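Q: Quick one: the structure is below, questions incoming.
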Amino acid sequence: MPELPEVETVCRGLETALLNDTITCVSLYRKDLRFPFPDNMPAKLQGRTVVQISRRAKYILIRFDDDQILIGHLGMSGSFRIEKQPGGEIVKHEHMIWETAKGHVIRYHDPRRFGFMLLSTVDDLDTHPRLQDLGPEPLGNAFSGPILANALKRRKSPIKTAILDQTIVAGVGNIYACEALYRSGISPKRQAYTVTGKRAEELADAIRTVLNSAIESGGSTLRDYTNTSGELGYFQHSFQVYDKEGKECPNTGCNSKIKRIVQSGRSTFYCSNCQR
DNA sequence: CGCGCTCCCTGGCCGC
DNA sequence: TGCGGCCAGGGAGCGC
């Protein structure tokens, strides 16, 4: 499901409900998602107050008043829902529910269970195995054309595959990789190390622009993504190529049709006329 | 080290 | 209506 814009939207929703609120009850409805829930996670979180919520790549980081950090990942189908009323039926695929002192109920739902929750501490966060190899945040100051080009220079794989690699740039997924390549006129099949100079600048700009636009739209909803209020994102209406196989290229004057190919097992959508 | 394939899991959709 | 095949926003692990 979620790439950087969707995770960012979820973080903002969680922040609204959880910041400075205290966890009063943690209920787990199975012992694991992709990985086991941390040992004694309910006891470790109960009574703790949330002091910060942030995002790194596609990870949600929830910091508590004792310097524990919950590292959450939504996988392909994870979602949080915040309600103001306690109670209510446990629906299928709900795996974790929190209740808070201010009366919020936070429900985690994940049919495919590729998501996971881990616990770390403030001191260990930078060296956490899931986080330490991540590349720069595309919306931060440590990302630019030259930095991207430098990260790509030894990569012979296709550029599409390279920007899905979270060590090159953190948080870009399949949708926004396709969209950013289209918007920068770069073929997804081009070898990564040939993306240099002005081309790398344009790709870095396109990544930033498409991610920022998607955040403004509340993310993209294809199947089941919703924000923490249950509302749909609407950036999918701005897709130029993703899931548009056989449709006309949106570029005026280009009469080509959008193609779908498979790269490293993932679908890529692009215009072979506009992207070189 | 870099790269691509396979798998984890459930559900929706499509064609027969 | 049922069933098989394919597809899905991610990423870890493995072999080459």
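Residue numbers start at 1 in each chain; chains themselves are named A, B, ... in the order of the structure tokens; ligands are numbered from 1 in the order shown.
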From the DSSP assignment of the backbone, select every residue of segment 4-247 of chain A that is strand (DSSP E or B), and format the answer as a PyMOL selection string.
A: chain A and resi 22-28+32+36+49-56+59-64+68-73+79-83+94-100+105-109+116-121+158+191
Q: Hey, list the chain A side of the contact with chain B: 7 Å cut-off, only C-alpha atoms (C1' of nucleotides), answer as a short mmCIF file (atom, residue, chain, number, x, y, z; two decimals) with N, CA and C atoms, in the first residue's frame.
A:
data_model
loop_
_atom_site.label_atom_id
_atom_site.label_comp_id
_atom_site.auth_asym_id
_atom_site.auth_seq_id
_atom_site.Cartn_x
_atom_site.Cartn_y
_atom_site.Cartn_z
N PRO A 111 -4.44 -6.92 6.27
CA PRO A 111 -4.81 -8.24 5.73
C PRO A 111 -3.61 -9.11 5.33
N ARG A 112 -2.66 -8.53 4.65
CA ARG A 112 -1.55 -9.37 4.15
C ARG A 112 -0.47 -9.61 5.20
N ARG A 113 -0.47 -8.79 6.22
CA ARG A 113 0.49 -8.93 7.34
C ARG A 113 1.94 -8.84 6.89
N SER A 264 12.59 -6.52 -12.20
CA SER A 264 12.79 -7.10 -10.86
C SER A 264 11.48 -7.52 -10.22
#
Q: Between atom CA of Thr127 of chain A and atom CA of Tyr193 of chain A, measure the distance and give it in Å to one decimal.
A: 28.4 Å
Q: May I have the residues within 9 Å of Phe143 of chain A as an MDAnalysis selection string, using only C-alpha atoms (C1' of nucleotides) and disregarding those fewer than 5 positions away in the same chain?
A: chainID A and resid 136:138 148 169 204
Q: Could you list, with a cut-off of 10 Å and counting only C-alpha atoms (C1' of nucleotides), the residues of chain C near chain A, each shown with its nearest atom pair and the distance in Å rounded to one decimal, rows sorted by chain and ascending number, as CSV?
A:
residue,atom,partner,partner_atom,distance
C:DC7,C1',A:Ser267,CA,9.8
C:DA8,C1',A:Met76,CA,8.2
C:DG9,C1',A:Met1,CA,3.2
C:DG10,C1',A:Gly75,CA,5.2
C:DG11,C1',A:Gly75,CA,8.2
Q: Kindly save the residues from that selection, with C-alpha atoms (C1' of nucleotides) included, as a PDB file, in the first residue's frame.
A:
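Result file follows (part.pdb):
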ATOM      1  C1'  DC C   7      -2.085  -9.161  -9.750  1.00  0.00           C
ATOM      2  C1'  DA C   8      -1.227  -5.820  -5.763  1.00  0.00           C
ATOM      3  C1'  DG C   9       1.499   0.344  -2.810  1.00  0.00           C
ATOM      4  C1'  DG C  10       7.230  -3.701   0.429  1.00  0.00           C
ATOM      5  C1'  DG C  11      11.206  -5.831   1.602  1.00  0.00           C
TER       6       DG C  11
END
Q: Could you state the separation of atom CA of Ile147 of chain A and atom CA of Gly135 of chain A in Å, given to one decimal place?
A: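 Atom CA of Ile147 of chain A sits 10.3 Å away from atom CA of Gly135 of chain A.
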Q: Enter the distance from atom CA of Cys254 of chain A to atom CA of Ser184 of chain A, in Å, rounded to one decimal.
A: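 Result for atom CA of Cys254 of chain A versus atom CA of Ser184 of chain A: 15.4 Å, one decimal.
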Q: For segment 16-25 of chain A, list every protein, DNA or RNA residue within 12 Å, evaluated using only C-alpha atoms (C1' of nucleotides), and leave out those in the same chain fewer than 5 positions away; present the list as a PyMOL selection string.
A: chain A and resi 9-11+41-54+62-66+80-84+86+96-107+228-229
Q: Would you save the residues of that selection, restricted to C-alpha atoms, as a PDB file, in the first residue's frame?
A:
ATOM      1  CA  THR A   9      -0.222  11.239   5.895  1.00  0.00           C
ATOM      2  CA  VAL A  10      -0.656   8.438   8.420  1.00  0.00           C
ATOM      3  CA  CYS A  11       2.000   9.955  10.691  1.00  0.00           C
ATOM      4  CA  MET A  41       4.986  -5.049  24.034  1.00  0.00           C
ATOM      5  CA  PRO A  42       1.682  -4.337  25.770  1.00  0.00           C
ATOM      6  CA  ALA A  43       3.364  -4.002  29.160  1.00  0.00           C
ATOM      7  CA  LYS A  44       6.172  -1.888  27.722  1.00  0.00           C
ATOM      8  CA  LEU A  45       3.764   0.627  26.182  1.00  0.00           C
ATOM      9  CA  GLN A  46       1.003   0.767  28.745  1.00  0.00           C
ATOM     10  CA  GLY A  47       1.275   3.919  30.854  1.00  0.00           C
ATOM     11  CA  ARG A  48       3.702   5.564  28.414  1.00  0.00           C
ATOM     12  CA  THR A  49       3.046   8.988  26.955  1.00  0.00           C
ATOM     13  CA  VAL A  50       3.752   9.740  23.293  1.00  0.00           C
ATOM     14  CA  VAL A  51       6.225  12.612  22.987  1.00  0.00           C
ATOM     15  CA  GLN A  52       6.994  12.563  19.229  1.00  0.00           C
ATOM     16  CA  ILE A  53       5.797  10.996  15.990  1.00  0.00           C
ATOM     17  CA  SER A  54       7.982  11.092  12.926  1.00  0.00           C
ATOM     18  CA  ILE A  62       6.584   6.759  17.725  1.00  0.00           C
ATOM     19  CA  ARG A  63       8.677   8.009  20.625  1.00  0.00           C
ATOM     20  CA  PHE A  64       7.546   7.622  24.217  1.00  0.00           C
ATOM     21  CA  ASP A  65       8.412   9.488  27.391  1.00  0.00           C
ATOM     22  CA  ASP A  66      10.833   6.753  28.503  1.00  0.00           C
ATOM     23  CA  PHE A  80      -4.233   2.726  11.189  1.00  0.00           C
ATOM     24  CA  ARG A  81      -7.668   3.967  12.069  1.00  0.00           C
ATOM     25  CA  ILE A  82      -8.349   6.409  14.871  1.00  0.00           C
ATOM     26  CA  GLU A  83     -11.713   6.491  16.562  1.00  0.00           C
ATOM     27  CA  LYS A  84     -13.023   8.617  19.382  1.00  0.00           C
ATOM     28  CA  PRO A  86     -14.026   2.867  22.745  1.00  0.00           C
ATOM     29  CA  MET A  96      -3.627  -4.491  17.423  1.00  0.00           C
ATOM     30  CA  ILE A  97      -5.734  -1.918  19.260  1.00  0.00           C
ATOM     31  CA  TRP A  98      -4.561   0.880  21.579  1.00  0.00           C
ATOM     32  CA  GLU A  99      -6.669   2.902  23.922  1.00  0.00           C
ATOM     33  CA  THR A 100      -5.499   6.219  25.317  1.00  0.00           C
ATOM     34  CA  ALA A 101      -6.132   8.379  28.350  1.00  0.00           C
ATOM     35  CA  LYS A 102      -7.866  11.008  26.226  1.00  0.00           C
ATOM     36  CA  GLY A 103     -10.266   8.420  24.875  1.00  0.00           C
ATOM     37  CA  HIS A 104      -8.789   7.674  21.472  1.00  0.00           C
ATOM     38  CA  VAL A 105      -8.853   4.181  20.023  1.00  0.00           C
ATOM     39  CA  ILE A 106      -6.107   3.332  17.511  1.00  0.00           C
ATOM     40  CA  ARG A 107      -6.763   0.225  15.454  1.00  0.00           C
ATOM     41  CA  THR A 228      -6.302   7.504   9.973  1.00  0.00           C
ATOM     42  CA  SER A 229      -9.793   9.012   9.664  1.00  0.00           C
TER      43      SER A 229
END
Q: Just the alpha helix (DSSP H) stuff from segment 30-136 of chain A, please, per backbone DSSP, written as a ChimeraX atom specification.
A: /A:41-45
Q: Excluding Ser144 of chain A and any residue of its chain fewer than 6 positions from it, enumerate the residues within 10 Å of it, using only C-alpha atoms (C1' of nucleotides), and give them as a PyMOL selection string.
A: chain A and resi 136+138+150+200-205+208
